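K.L.:
For reference, the file query03.txt (compact mmCIF, C-alpha atoms) is included below:
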```txt
# COMPACT_ATOMS: atom_id res chain seq x y z
CA MET A 30 -41.87 26.48 44.12
CA LEU A 31 -40.31 28.55 46.90
CA SER A 32 -38.68 31.95 46.80
CA GLN A 33 -36.90 34.32 49.13
CA LYS A 34 -35.51 37.82 48.76
CA VAL A 35 -32.02 38.52 50.08
CA VAL A 36 -29.56 41.40 49.94
CA VAL A 37 -26.10 40.66 48.54
CA ALA A 38 -23.52 41.23 51.29
CA GLU A 39 -20.30 40.54 49.35
CA PRO A 40 -18.55 43.94 48.98
CA SER A 41 -17.34 43.11 45.47
CA GLY A 42 -20.74 41.82 44.36
CA LEU A 43 -21.16 38.66 42.34
CA HIS A 44 -17.83 38.49 40.50
CA LEU A 45 -16.20 35.31 39.18
CA ARG A 46 -15.17 33.64 42.43
CA PRO A 47 -18.49 34.01 44.32
CA ALA A 48 -20.42 33.16 41.14
CA GLY A 49 -18.38 29.96 40.88
CA LYS A 50 -19.08 29.10 44.52
CA LEU A 51 -22.80 29.76 44.07
CA CYS A 52 -22.88 27.68 40.89
CA GLU A 53 -20.99 24.82 42.54
CA LEU A 54 -23.43 24.82 45.47
CA SER A 55 -26.48 25.00 43.18
CA LEU A 56 -25.31 22.02 41.15
CA LYS A 57 -25.60 19.83 44.28
CA TYR A 58 -29.40 20.12 44.14
CA GLU A 59 -31.89 18.61 41.72
CA SER A 60 -34.18 21.63 41.94
CA LYS A 61 -34.11 24.38 39.36
CA ILE A 62 -32.53 27.39 41.07
CA SER A 63 -32.90 30.88 39.61
CA ILE A 64 -31.69 34.26 40.74
CA LYS A 65 -33.92 37.18 39.81
CA LYS A 66 -32.74 40.80 39.80
CA GLY A 67 -35.27 43.29 38.54
CA ASP A 68 -36.69 42.00 35.28
CA SER A 69 -33.85 39.58 34.52
CA THR A 70 -33.53 36.01 35.75
CA ALA A 71 -30.32 33.95 35.81
CA ASN A 72 -29.82 30.22 36.15
CA ALA A 73 -27.85 29.71 39.38
CA LYS A 74 -26.24 26.61 37.84
CA SER A 75 -24.55 28.73 35.15
CA VAL A 76 -21.54 30.88 36.04
CA LEU A 77 -21.94 32.92 32.86
CA GLY A 78 -25.63 33.46 33.57
CA LEU A 79 -24.84 34.70 37.06
CA LEU A 80 -22.11 37.04 35.82
CA ALA A 81 -24.44 38.43 33.14
CA ALA A 82 -26.92 39.43 35.86
CA ARG A 83 -24.43 42.09 37.07
CA ILE A 84 -25.30 41.71 40.74
CA ILE A 85 -23.49 44.16 43.02
CA CYS A 86 -23.24 44.65 46.77
CA GLY A 87 -26.51 45.88 48.24
CA ASP A 88 -28.68 44.53 45.43
CA GLU A 89 -31.87 42.82 46.54
CA ILE A 90 -32.27 39.60 44.60
CA GLU A 91 -34.88 36.87 44.68
CA ILE A 92 -33.85 33.23 44.90
CA ILE A 93 -36.38 30.92 43.28
CA CYS A 94 -36.17 27.15 43.81
CA ASP A 95 -38.46 24.62 42.19
CA GLY A 96 -38.12 20.86 42.62
CA THR A 97 -37.91 17.93 44.98
CA ASP A 98 -35.27 19.44 47.29
CA GLU A 99 -36.36 23.08 46.96
CA GLU A 100 -36.53 23.79 50.72
CA GLU A 101 -32.99 22.58 51.34
CA ALA A 102 -31.68 24.33 48.22
CA LEU A 103 -33.33 27.64 49.12
CA ARG A 104 -31.95 27.51 52.65
CA ALA A 105 -28.39 26.73 51.49
CA VAL A 106 -28.29 29.28 48.65
CA SER A 107 -29.78 32.12 50.69
CA GLU A 108 -27.38 31.40 53.55
CA VAL A 109 -24.29 31.48 51.35
CA ILE A 110 -25.39 34.74 49.68
CA GLN A 111 -26.17 36.44 53.01
CA ASN A 112 -22.81 35.34 54.43
CA GLY A 113 -20.81 36.87 51.58
CA PHE A 114 -20.19 33.55 49.76
CA GLY A 115 -17.76 32.41 52.45
CA LEU A 116 -15.01 34.68 51.10
```
Please go through the file and, once you have read it, give me the structure as structure tokens.
P.N.:
Amino acid sequence: MLSQKVVVAEPSGLHLRPAGKLCELSLKYESKISIKKGDSTANAKSVLGLLAARIICGDEIEIICDGTDEEEALRAVSEVIQNGFGL
């Protein structure tokens, strides 16, 4: 299991479009990918789960990856979050 903390750079936070992009990216990996904000944890492979986390710009979140391709998954997910989801 690997984890990394990142700060959300997208000015609008994690609304529907970036949540969809993050979910689509996460589904490419076998590893379980979770996003933790405070005491709540969301499945990164679920758009509704990500939206329910209410992540806004400037929030520090923790990406947790667990599985066979966890290093690659962690690198890709943290990069897309730090780069504002490519929007």
K.L.:
What does the distance between CA of Lys34 in chain A and CA of Asp68 in chain A come to in Å, to one decimal place?
P.N.:
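Computed distance, CA of Lys34 in chain A to CA of Asp68 in chain A, equals 14.2 Å.
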K.L.:
Using only C-alpha atoms, which protein or nucleic acid residues come within 10 Å of range 76-86 of chain A? Drop anything in the same chain fewer than 3 positions from it, and give the result as a PyMOL selection string.
P.N.:
chain A and resi 36-53+63-67+69-73+89-90+113
K.L.:
Figure out the distance between CA of Leu54 in chain A and CA of Ile110 in chain A, please, to one decimal in Å.
P.N.:
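For CA of Ile110 in chain A relative to CA of Leu54 in chain A, the distance reads 11.0 Å.
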K.L.:
Could you tell me how far CA of Val109 in chain A lies from CA of Leu31 in chain A, in Å and to one decimal?
P.N.:
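Taking CA of Val109 in chain A and CA of Leu31 in chain A, their separation equals 16.9 Å.
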K.L.:
Give, as AutoDock Vina command-line options, the centre coordinates and the x, y and z edge lengths in Å to one decimal for an axis-aligned box around all listed atoms of range 42-61 of chain A, padded by 5 Å on each side.
P.N.:
```
--center_x -24.7 --center_y 30.2 --center_z 42.3 --size_x 29.0 --size_y 33.2 --size_z 16.3
```
K.L.:
From the options A:Tyr58, A:Glu91, A:Asn112, A:Val106, which residue's atoms come nearest to Gln33 in chain A, counting all atoms listed in the file?
P.N.:
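Ranked by minimum distance to Gln33 in chain A, first place goes to A:Glu91.
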K.L.:
Could you check which of A:Cys94, A:Met30, A:Lys74, A:Phe114 is closest to Ser55 in chain A, using only C-alpha atoms?
P.N.:
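Between A:Cys94, A:Met30, A:Lys74, A:Phe114, the residue approaching Ser55 in chain A most closely is A:Lys74.
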K.L.:
List every protein, DNA or RNA residue that has at least one atom no more than 6 Å from (-34.5, 32.1, 48.6) in the file's coordinates, counting all atoms listed in the file, and write the result as a list in words.
P.N.:
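Collected hits near the coordinates: Ser32, Gln33, Lys34, Ile92, Ile93, Leu103 and Ser107 of chain A.
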K.L.:
Check the smallest atom-to-atom distance from each of A:Ala105, A:Asp95, A:Gln111, A:Asp88 to Glu59 in chain A using only C-alpha atoms, then report the winner.
P.N.:
A:Asp95
